[in-house]
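Listing of target_23.cif, mmCIF, C-alpha atoms
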```cif
data_protein
loop_
_atom_site.group_PDB
_atom_site.id
_atom_site.type_symbol
_atom_site.label_atom_id
_atom_site.label_comp_id
_atom_site.auth_asym_id
_atom_site.auth_seq_id
_atom_site.Cartn_x
_atom_site.Cartn_y
_atom_site.Cartn_z
ATOM 1 C CA MET A 1 77.597 142.289 58.788
ATOM 2 C CA GLU A 2 76.469 143.947 55.542
ATOM 3 C CA ILE A 3 77.426 141.820 52.529
ATOM 4 C CA GLY A 4 75.248 143.481 49.866
ATOM 5 C CA TRP A 5 74.818 141.597 46.617
ATOM 6 C CA TRP A 6 76.859 138.691 47.911
ATOM 7 C CA GLY A 7 73.863 138.101 50.154
ATOM 8 C CA VAL A 8 71.709 137.526 47.083
ATOM 9 C CA LEU A 9 74.085 134.894 45.731
ATOM 10 C CA ILE A 10 74.301 133.196 49.119
ATOM 11 C CA ALA A 11 70.509 133.254 49.494
ATOM 12 C CA VAL A 12 70.073 131.749 46.028
ATOM 13 C CA LEU A 13 72.577 129.022 46.942
ATOM 14 C CA GLY A 14 70.680 128.226 50.123
ATOM 15 C CA GLY A 15 67.372 128.313 48.267
ATOM 16 C CA ALA A 16 68.734 125.995 45.581
ATOM 17 C CA ILE A 17 69.438 123.405 48.270
ATOM 18 C CA ARG A 18 66.299 123.895 50.367
ATOM 19 C CA ILE A 19 63.760 124.336 47.565
ATOM 20 C CA GLY A 20 65.574 122.010 45.175
ATOM 21 C CA THR A 21 65.527 118.951 47.454
ATOM 22 C CA PRO A 22 61.878 117.952 46.844
ATOM 23 C CA PHE A 23 62.447 118.642 43.130
ATOM 24 C CA LEU A 24 65.393 116.244 43.317
ATOM 25 C CA PHE A 25 63.468 113.343 44.844
ATOM 26 C CA VAL A 26 60.393 113.689 42.677
ATOM 27 C CA SER A 27 62.445 114.063 39.476
ATOM 28 C CA LEU A 28 64.550 111.007 40.352
ATOM 29 C CA GLY A 29 61.321 109.067 40.847
ATOM 30 C CA GLU A 30 59.973 110.237 37.500
ATOM 31 C CA CYS A 31 63.321 109.506 35.829
ATOM 32 C CA LEU A 32 63.250 105.880 36.997
ATOM 33 C CA THR A 33 59.609 105.528 35.978
ATOM 34 C CA GLU A 34 60.203 106.936 32.505
ATOM 35 C CA LYS A 35 63.296 104.791 32.029
ATOM 36 C CA SER A 36 60.934 101.811 32.173
ATOM 37 C CA GLY A 37 58.787 103.341 29.433
ATOM 38 C CA ARG A 38 56.013 104.756 31.583
ATOM 39 C CA ILE A 39 55.024 108.362 32.418
ATOM 40 C CA ASN A 40 53.571 109.103 35.844
ATOM 41 C CA LEU A 41 51.782 112.456 35.846
ATOM 42 C CA GLY A 42 50.231 111.453 39.151
ATOM 43 C CA LEU A 43 53.395 112.398 41.047
ATOM 44 C CA GLU A 44 51.777 115.667 42.123
ATOM 45 C CA GLY A 45 49.238 113.620 44.077
ATOM 46 C CA THR A 46 52.015 111.340 45.328
ATOM 47 C CA LEU A 47 53.994 114.353 46.554
ATOM 48 C CA VAL A 48 51.016 115.783 48.442
ATOM 49 C CA MET A 49 50.098 112.382 49.873
ATOM 50 C CA GLY A 50 53.684 111.910 51.031
ATOM 51 C CA ALA A 51 53.651 115.321 52.695
ATOM 52 C CA MET A 52 50.434 114.557 54.560
ATOM 53 C CA THR A 53 51.501 111.045 55.557
ATOM 54 C CA GLY A 54 54.908 112.139 56.786
ATOM 55 C CA TYR A 55 53.428 114.972 58.832
ATOM 56 C CA ALA A 56 50.705 112.801 60.354
ATOM 57 C CA VAL A 57 53.072 109.954 61.267
ATOM 58 C CA SER A 58 55.624 112.379 62.704
ATOM 59 C CA LEU A 59 52.918 114.024 64.810
ATOM 60 C CA HIS A 60 51.537 110.759 66.222
ATOM 61 C CA SER A 61 54.828 108.884 66.652
ATOM 62 C CA GLY A 62 57.119 111.766 67.588
ATOM 63 C CA SER A 63 59.648 110.492 65.023
ATOM 64 C CA PRO A 64 60.023 112.577 61.834
ATOM 65 C CA TRP A 65 62.243 109.913 60.263
ATOM 66 C CA LEU A 66 59.470 107.348 60.683
ATOM 67 C CA GLY A 67 57.275 109.906 58.941
ATOM 68 C CA VAL A 68 59.730 110.032 56.035
ATOM 69 C CA LEU A 69 59.647 106.229 55.720
ATOM 70 C CA CYS A 70 55.848 106.074 55.823
ATOM 71 C CA ALA A 71 55.624 108.904 53.285
ATOM 72 C CA GLY A 72 57.802 106.867 50.950
ATOM 73 C CA LEU A 73 55.632 103.789 51.473
ATOM 74 C CA ALA A 74 52.480 105.797 50.735
ATOM 75 C CA GLY A 75 54.083 107.036 47.523
ATOM 76 C CA MET A 76 55.095 103.494 46.643
ATOM 77 C CA VAL A 77 51.496 102.284 46.944
ATOM 78 C CA LEU A 78 50.228 105.074 44.687
ATOM 79 C CA GLY A 79 52.994 104.400 42.173
ATOM 80 C CA ALA A 80 52.248 100.677 42.080
ATOM 81 C CA LEU A 81 48.530 101.388 41.674
ATOM 82 C CA HIS A 82 49.231 103.764 38.801
ATOM 83 C CA SER A 83 51.409 101.274 36.972
ATOM 84 C CA TRP A 84 49.030 98.377 37.610
ATOM 85 C CA LEU A 85 46.138 100.333 36.073
ATOM 86 C CA CYS A 86 48.314 101.260 33.106
ATOM 87 C CA SER A 87 49.175 97.609 32.474
ATOM 88 C CA PHE A 88 45.663 96.936 31.142
ATOM 89 C CA LYS A 89 45.132 97.129 27.389
ATOM 90 C CA ARG A 90 43.965 100.447 25.895
ATOM 91 C CA VAL A 91 44.628 102.282 29.138
ATOM 92 C CA ASN A 92 46.488 105.546 28.585
ATOM 93 C CA ASP A 93 49.337 106.570 30.923
ATOM 94 C CA ILE A 94 48.435 110.257 30.737
ATOM 95 C CA ALA A 95 44.767 109.759 31.593
ATOM 96 C CA VAL A 96 45.591 107.464 34.511
ATOM 97 C CA GLY A 97 48.239 109.911 35.700
ATOM 98 C CA ILE A 98 45.764 112.796 35.807
ATOM 99 C CA ALA A 99 43.245 110.588 37.609
ATOM 100 C CA MET A 100 45.879 109.508 40.156
ATOM 101 C CA MET A 101 46.933 113.121 40.684
ATOM 102 C CA LEU A 102 43.362 114.090 41.529
ATOM 103 C CA PHE A 103 42.921 110.956 43.654
ATOM 104 C CA GLY A 104 46.143 111.513 45.603
ATOM 105 C CA THR A 105 45.576 115.213 46.279
ATOM 106 C CA GLY A 106 41.919 114.690 47.132
ATOM 107 C CA LEU A 107 42.672 111.824 49.510
ATOM 108 C CA ALA A 108 45.475 113.790 51.176
ATOM 109 C CA PHE A 109 43.244 116.844 51.657
ATOM 110 C CA PHE A 110 40.441 114.685 53.094
ATOM 111 C CA LEU A 111 42.665 112.728 55.485
ATOM 112 C CA GLY A 112 44.864 115.720 56.316
ATOM 113 C CA LYS A 113 42.201 118.121 57.593
ATOM 114 C CA PRO A 114 42.963 117.359 61.275
ATOM 115 C CA TYR A 115 46.690 118.046 60.767
ATOM 116 C CA ILE A 116 46.574 121.633 59.495
ATOM 117 C CA GLN A 117 46.864 123.211 62.958
ATOM 118 C CA PRO A 118 48.957 120.799 65.132
ATOM 119 C CA SER A 119 52.755 121.114 65.042
ATOM 120 C CA ALA A 120 54.656 117.915 64.269
ATOM 121 C CA PRO A 121 58.310 117.213 65.181
ATOM 122 C CA ARG A 122 60.616 118.621 62.536
ATOM 123 C CA LEU A 123 63.498 116.936 60.705
ATOM 124 C CA PRO A 124 66.826 118.089 62.192
ATOM 125 C CA SER A 125 69.245 120.391 60.406
ATOM 126 C CA ILE A 126 72.931 119.886 59.665
ATOM 127 C CA ASP A 127 74.847 123.110 60.223
ATOM 128 C CA LEU A 128 77.590 123.059 57.580
ATOM 129 C CA GLY A 129 78.204 126.786 58.009
ATOM 130 C CA ALA A 130 79.131 126.752 61.703
ATOM 131 C CA TRP A 131 82.672 127.848 60.792
ATOM 132 C CA SER A 132 81.425 131.163 59.397
ATOM 133 C CA ASP A 133 80.609 134.406 61.213
ATOM 134 C CA ILE A 134 78.273 135.543 58.439
ATOM 135 C CA PRO A 135 74.635 134.840 59.453
ATOM 136 C CA GLN A 136 73.437 134.656 55.848
ATOM 137 C CA LEU A 137 76.075 132.071 54.954
ATOM 138 C CA LYS A 138 75.332 130.044 58.079
ATOM 139 C CA ALA A 139 71.638 130.040 57.186
ATOM 140 C CA ALA A 140 72.352 129.066 53.558
ATOM 141 C CA LEU A 141 74.520 126.114 54.595
ATOM 142 C CA GLN A 142 71.987 124.814 57.103
ATOM 143 C CA ILE A 143 70.742 121.733 55.270
ATOM 144 C CA ASN A 144 68.879 118.538 55.979
ATOM 145 C CA ALA A 145 70.253 115.008 55.638
ATOM 146 C CA LEU A 146 67.649 114.274 52.954
ATOM 147 C CA PHE A 147 69.544 116.545 50.548
ATOM 148 C CA LEU A 148 72.715 114.506 51.039
ATOM 149 C CA MET A 149 70.695 111.298 50.683
ATOM 150 C CA GLY A 150 69.278 112.663 47.429
ATOM 151 C CA ILE A 151 72.796 113.148 46.065
ATOM 152 C CA VAL A 152 73.678 109.558 46.996
ATOM 153 C CA VAL A 153 70.461 108.243 45.432
ATOM 154 C CA ALA A 154 71.111 110.167 42.191
ATOM 155 C CA ILE A 155 74.621 108.746 41.840
ATOM 156 C CA ALA A 156 73.530 105.243 42.870
ATOM 157 C CA LEU A 157 70.588 105.276 40.467
ATOM 158 C CA ALA A 158 72.808 106.357 37.571
ATOM 159 C CA TRP A 159 75.270 103.569 38.415
ATOM 160 C CA MET A 160 72.498 101.007 38.821
ATOM 161 C CA LEU A 161 70.875 101.800 35.493
ATOM 162 C CA LYS A 162 74.206 101.500 33.702
ATOM 163 C CA ASN A 163 75.955 98.625 35.470
ATOM 164 C CA THR A 164 73.450 96.201 36.979
ATOM 165 C CA ALA A 165 71.242 93.495 35.504
ATOM 166 C CA TRP A 166 68.157 95.190 36.951
ATOM 167 C CA GLY A 167 69.129 98.504 35.365
ATOM 168 C CA LEU A 168 69.637 96.792 32.015
ATOM 169 C CA LYS A 169 66.189 95.192 32.229
ATOM 170 C CA VAL A 170 64.583 98.545 33.039
ATOM 171 C CA ARG A 171 66.305 100.176 30.076
ATOM 172 C CA VAL A 172 65.392 97.340 27.695
ATOM 173 C CA VAL A 173 61.730 97.560 28.720
ATOM 174 C CA GLY A 174 61.870 101.337 28.265
ATOM 175 C CA GLU A 175 63.422 101.091 24.836
ATOM 176 C CA SER A 176 61.238 98.318 23.393
ATOM 177 C CA ALA A 177 58.537 96.371 25.181
ATOM 178 C CA ASP A 178 58.294 93.924 22.272
ATOM 179 C CA ALA A 179 62.016 93.180 22.363
ATOM 180 C CA ALA A 180 61.836 92.751 26.143
ATOM 181 C CA ARG A 181 58.986 90.236 25.783
ATOM 182 C CA ALA A 182 60.976 88.371 23.130
ATOM 183 C CA LEU A 183 63.817 88.089 25.669
ATOM 184 C CA GLY A 184 61.388 86.674 28.212
ATOM 185 C CA LEU A 185 61.337 89.744 30.461
ATOM 186 C CA PRO A 186 58.152 90.427 32.477
ATOM 187 C CA VAL A 187 57.430 93.902 31.092
ATOM 188 C CA ASP A 188 54.448 94.771 33.294
ATOM 189 C CA ARG A 189 56.161 93.545 36.473
ATOM 190 C CA ILE A 190 59.310 95.557 35.774
ATOM 191 C CA ARG A 191 57.261 98.685 35.077
ATOM 192 C CA ILE A 192 55.185 98.231 38.219
ATOM 193 C CA LEU A 193 58.329 97.841 40.328
ATOM 194 C CA SER A 194 60.028 100.825 38.686
ATOM 195 C CA THR A 195 56.969 103.046 39.094
ATOM 196 C CA ALA A 196 56.530 101.934 42.704
ATOM 197 C CA GLN A 197 60.166 102.780 43.439
ATOM 198 C CA GLY A 198 59.681 106.120 41.715
ATOM 199 C CA GLY A 199 56.603 106.739 43.850
ATOM 200 C CA PHE A 200 58.640 105.914 46.962
ATOM 201 C CA LEU A 201 61.155 108.642 46.084
ATOM 202 C CA ALA A 202 58.380 111.144 45.317
ATOM 203 C CA GLY A 203 56.738 110.380 48.655
ATOM 204 C CA ILE A 204 60.016 111.165 50.430
ATOM 205 C CA GLY A 205 60.134 114.453 48.539
ATOM 206 C CA GLY A 206 56.688 115.236 49.899
ATOM 207 C CA SER A 207 57.769 114.501 53.473
ATOM 208 C CA TYR A 208 60.622 117.011 53.054
ATOM 209 C CA LEU A 209 58.038 119.709 52.318
ATOM 210 C CA SER A 210 55.960 119.099 55.416
ATOM 211 C CA LEU A 211 58.735 118.117 57.843
ATOM 212 C CA TYR A 212 61.566 120.491 56.926
ATOM 213 C CA TYR A 213 60.929 123.220 54.377
ATOM 214 C CA PRO A 214 58.592 125.059 54.508
ATOM 215 C CA PHE A 215 57.615 122.818 57.455
ATOM 216 C CA ASN A 216 53.838 122.794 57.553
ATOM 217 C CA TRP A 217 50.956 120.849 56.144
ATOM 218 C CA SER A 218 48.424 122.670 54.001
ATOM 219 C CA GLU A 219 46.525 122.042 50.804
ATOM 220 C CA GLY A 220 48.720 124.326 48.669
ATOM 221 C CA LEU A 221 52.007 122.889 49.883
ATOM 222 C CA SER A 222 53.461 121.400 46.703
ATOM 223 C CA SER A 223 52.776 124.285 44.282
ATOM 224 C CA GLY A 224 52.849 121.961 41.293
ATOM 225 C CA GLN A 225 56.317 120.513 41.912
ATOM 226 C CA GLY A 226 55.129 117.030 40.998
ATOM 227 C CA LEU A 227 54.010 118.177 37.563
ATOM 228 C CA MET A 228 57.174 120.205 37.019
ATOM 229 C CA ALA A 229 59.197 117.025 37.587
ATOM 230 C CA VAL A 230 58.255 115.888 34.088
ATOM 231 C CA ALA A 231 59.970 118.956 32.597
ATOM 232 C CA LEU A 232 62.965 118.517 34.892
ATOM 233 C CA VAL A 233 63.509 114.964 33.685
ATOM 234 C CA ILE A 234 63.331 116.102 30.050
ATOM 235 C CA PHE A 235 65.795 118.930 30.744
ATOM 236 C CA ALA A 236 68.099 116.428 32.501
ATOM 237 C CA ARG A 237 67.926 114.121 29.476
ATOM 238 C CA TRP A 238 66.667 111.223 31.599
ATOM 239 C CA HIS A 239 69.915 111.041 33.574
ATOM 240 C CA PRO A 240 69.716 110.838 37.411
ATOM 241 C CA VAL A 241 72.791 113.009 38.000
ATOM 242 C CA GLY A 242 71.382 115.508 35.527
ATOM 243 C CA CYS A 243 68.236 115.570 37.695
ATOM 244 C CA LEU A 244 70.427 116.682 40.604
ATOM 245 C CA TRP A 245 71.801 119.707 38.755
ATOM 246 C CA VAL A 246 68.455 120.618 37.217
ATOM 247 C CA SER A 247 66.756 120.422 40.617
ATOM 248 C CA LEU A 248 69.310 122.828 42.061
ATOM 249 C CA LEU A 249 68.734 125.129 39.087
ATOM 250 C CA TRP A 250 64.974 125.132 39.626
ATOM 251 C CA GLY A 251 65.419 125.595 43.370
ATOM 252 C CA GLY A 252 67.749 128.535 42.834
ATOM 253 C CA ALA A 253 65.295 130.092 40.390
ATOM 254 C CA ALA A 254 62.507 129.781 42.948
ATOM 255 C CA ALA A 255 64.707 131.466 45.571
ATOM 256 C CA LEU A 256 65.616 134.436 43.358
ATOM 257 C CA GLY A 257 62.542 136.541 44.190
ATOM 258 C CA PRO A 258 62.880 136.334 47.993
ATOM 259 C CA SER A 259 66.649 136.859 47.683
ATOM 260 C CA LEU A 260 66.225 140.106 45.764
ATOM 261 C CA GLN A 261 63.751 141.287 48.361
ATOM 262 C CA SER A 262 66.479 140.927 50.994
ATOM 263 C CA VAL A 263 68.461 143.722 49.279
ATOM 264 C CA GLY A 264 65.426 145.929 48.802
ATOM 265 C CA ILE A 265 64.363 144.984 45.274
ATOM 266 C CA THR A 266 60.621 144.439 45.540
ATOM 267 C CA GLY A 267 59.514 145.319 41.993
ATOM 268 C CA GLY A 268 58.403 142.418 39.819
ATOM 269 C CA TYR A 269 57.959 140.166 42.858
ATOM 270 C CA TYR A 270 55.339 137.997 41.222
ATOM 271 C CA ILE A 271 57.331 137.674 38.008
ATOM 272 C CA PHE A 272 60.412 136.488 39.902
ATOM 273 C CA ASN A 273 58.308 133.977 41.822
ATOM 274 C CA ALA A 274 56.913 132.671 38.539
ATOM 275 C CA ILE A 275 60.354 131.948 37.056
ATOM 276 C CA PRO A 276 60.286 128.160 37.793
ATOM 277 C CA TYR A 277 56.900 127.872 36.084
ATOM 278 C CA ILE A 278 58.111 129.937 33.113
ATOM 279 C CA MET A 279 61.186 127.696 32.821
ATOM 280 C CA THR A 280 58.959 124.607 32.941
ATOM 281 C CA LEU A 281 56.697 125.989 30.224
ATOM 282 C CA ALA A 282 59.702 126.916 28.086
ATOM 283 C CA VAL A 283 61.165 123.404 28.362
ATOM 284 C CA MET A 284 57.859 121.811 27.377
ATOM 285 C CA ILE A 285 57.412 124.137 24.370
ATOM 286 C CA ILE A 286 60.975 123.707 23.127
ATOM 287 C CA THR A 287 60.933 119.912 23.440
ATOM 288 C CA CYS A 288 57.471 119.146 22.055
ATOM 289 C CA SER A 289 58.475 119.117 18.378
ATOM 290 C CA PRO A 290 57.271 115.911 16.652
ATOM 291 C CA LYS A 291 60.005 116.218 14.011
ATOM 292 C CA ARG A 292 62.954 115.281 16.204
ATOM 293 C CA THR A 293 63.786 112.872 18.999
ATOM 294 C CA LEU A 294 65.400 114.098 22.187
ATOM 295 C CA VAL A 295 68.728 112.682 23.293
ATOM 296 C CA GLY A 296 68.271 110.076 25.999
ATOM 297 C CA VAL A 297 64.511 109.645 25.697
ATOM 298 C CA PRO A 298 63.365 106.010 26.170
ATOM 299 C CA HIS A 299 61.904 104.885 22.857
ATOM 300 C CA GLU A 300 58.690 103.561 24.412
ATOM 301 C CA LEU A 301 57.773 107.122 25.455
ATOM 302 C CA THR A 302 57.652 108.135 21.798
ATOM 303 C CA VAL A 303 55.145 105.398 20.965
ATOM 304 C CA THR A 304 51.532 106.578 20.993
ATOM 305 C CA ARG A 305 49.282 104.157 22.849
#
```
Would you kindly transcribe this structure into structure tokens?
Amino acid sequence: MEIGWWGVLIAVLGGAIRIGTPFLFVSLGECLTEKSGRINLGLEGTLVMGAMTGYAVSLHSGSPWLGVLCAGLAGMVLGALHSWLCSFKRVNDIAVGIAMMLFGTGLAFFLGKPYIQPSAPRLPSIDLGAWSDIPQLKAALQINALFLMGIVVAIALAWMLKNTAWGLKVRVVGESADAARALGLPVDRIRILSTAQGGFLAGIGGSYLSLYYPFNWSEGLSSGQGLMAVALVIFARWHPVGCLWVSLLWGGAAALGPSLQSVGITGGYYIFNAIPYIMTLAVMIITCSPKRTLVGVPHELTVTR
């Protein structure tokens, strides 16, 4: 069935879900980390390490879901290590983040060499478009359970930060470490736990890349999605549900180039593929003004250490 330009919209919708899912997990992880007053630029390494770990565990165990769990645990270890290093005096979050990014990617590439060729069991699909006779729509609505889990995590995280004692402690530490210490809160412990939980989510995002879409393990798998998560969190104003919508936006933007190719538009292919990176750069430029404070930003992130 020929559906013309509707095919582009459907393809962008499907791409928003498929490509946006790892953006969703890694941005939720960064959102939780930054809510505690810490920036983790090492999430790119965490994402790649999660992808390698999930693929390797799935290959050896035959269970892709066990791979997802182990990918999350690997991300949690890297997140905890990052936050523990940052807890020392005169240690800069940014410098440690860059070091952890290089460490995570380098370790994943070293340990993942044997897994480039073998084919691991893939995460199953949920066919939400089985009711339709349109192949493009059926393909667009073929999703993975991790996307639905990401929606649940985004809503639960927003509720937790607003309504629970743990969420209140995380926000207090993110707003003022001195005030948190005056209240008797263990600032370093809360930040380590928050960053470890954020690393767990980023690791799951990495497993989605290697076990579902695009379903392979290679050194260039993440394409900088871990670094772009920082811009996504800023654009979402540090709100978990906002991260959901922004992730879908970035995923849809990444799917625009291939979607236009499906209707014969091949000019400007590289420009269309660069749209997510251009959007990331634009967000960083627009929001880097030192003369104003962004809505929703944890105050500790504005303090130069």
Need the shell around segment 143-145 of chain A: protein/DNA/RNA residues with any atom at most 6 Å away, counting all atoms listed in the file. Skip same-chain ones fewer than 3 positions apart. Format as a PDB file with C-alpha atoms, keeping the file's coordinate frame?
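What follows is the written file out_36.pdb:
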```pdb
ATOM      1  CA  SER A 125      69.245 120.391  60.406  1.00  0.00           C
ATOM      2  CA  ILE A 126      72.931 119.886  59.665  1.00  0.00           C
ATOM      3  CA  LEU A 148      72.715 114.506  51.039  1.00  0.00           C
TER       4      LEU A 148
END
```
The PyMOL selection byres ((chain A and resi 229) around 7) applied to the shown file, residues as an MDAnalysis selection string: chainID A and resid 23 26:27 30 225:228 230:233
Please enumerate the residues selected by the PyMOL selection byres ((chain A and resi 40) around 8) when evaluated against the supplied file, formatted as a PyMOL selection string. chain A and resi 30+33-34+38-39+41-43+79+82+93-94+97+195
For the PyMOL selection byres ((chain A and resi 192) around 12), applied here, can you spell out every residue it catches as a VMD selection string? chain A and resid 32 to 34 36 to 40 76 to 88 170 173 186 to 191 193 to 199
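Across A:Phe147, A:Tyr269, A:Trp65, A:Trp6, the tightest approach to Ser247 of chain A is made by A:Phe147 when counting only C-alpha atoms.
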Show me, as AutoDock Vina command-line options, the centre and edge lengths in Å to one decimal of the axis-aligned box that covers every listed atom of segment 194-213 of chain A with 8 Å on each side.
```
--center_x 58.8 --center_y 112.0 --center_z 48.3 --size_x 21.6 --size_y 38.4 --size_z 35.2
```
I'd like the contact shell of Asp127 of chain A - 8 Å cut-off, only C-alpha atoms, skipping same-chain residues fewer than 4 positions apart - returned as a list in words.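 Here the qualifying residues turn out to be Lys138, Leu141, Gln142 and Ile143 of chain A.
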Could you work out how far atom CA of Phe215 of chain A lies from atom CA of Leu201 of chain A, giving the answer in Å with one decimal?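 Interatomic distance here is 18.5 Å.
As for atom CA of Leu249 of chain A and atom CA of Trp217 of chain A, they are spaced 25.0 Å apart.
With all atoms listed in the file as the atoms that count, the minimum distance from Leu73 of chain A to the choices A:Pro258, A:Gly206, A:Gly167, A:Gly20 is reached by A:Gly206.
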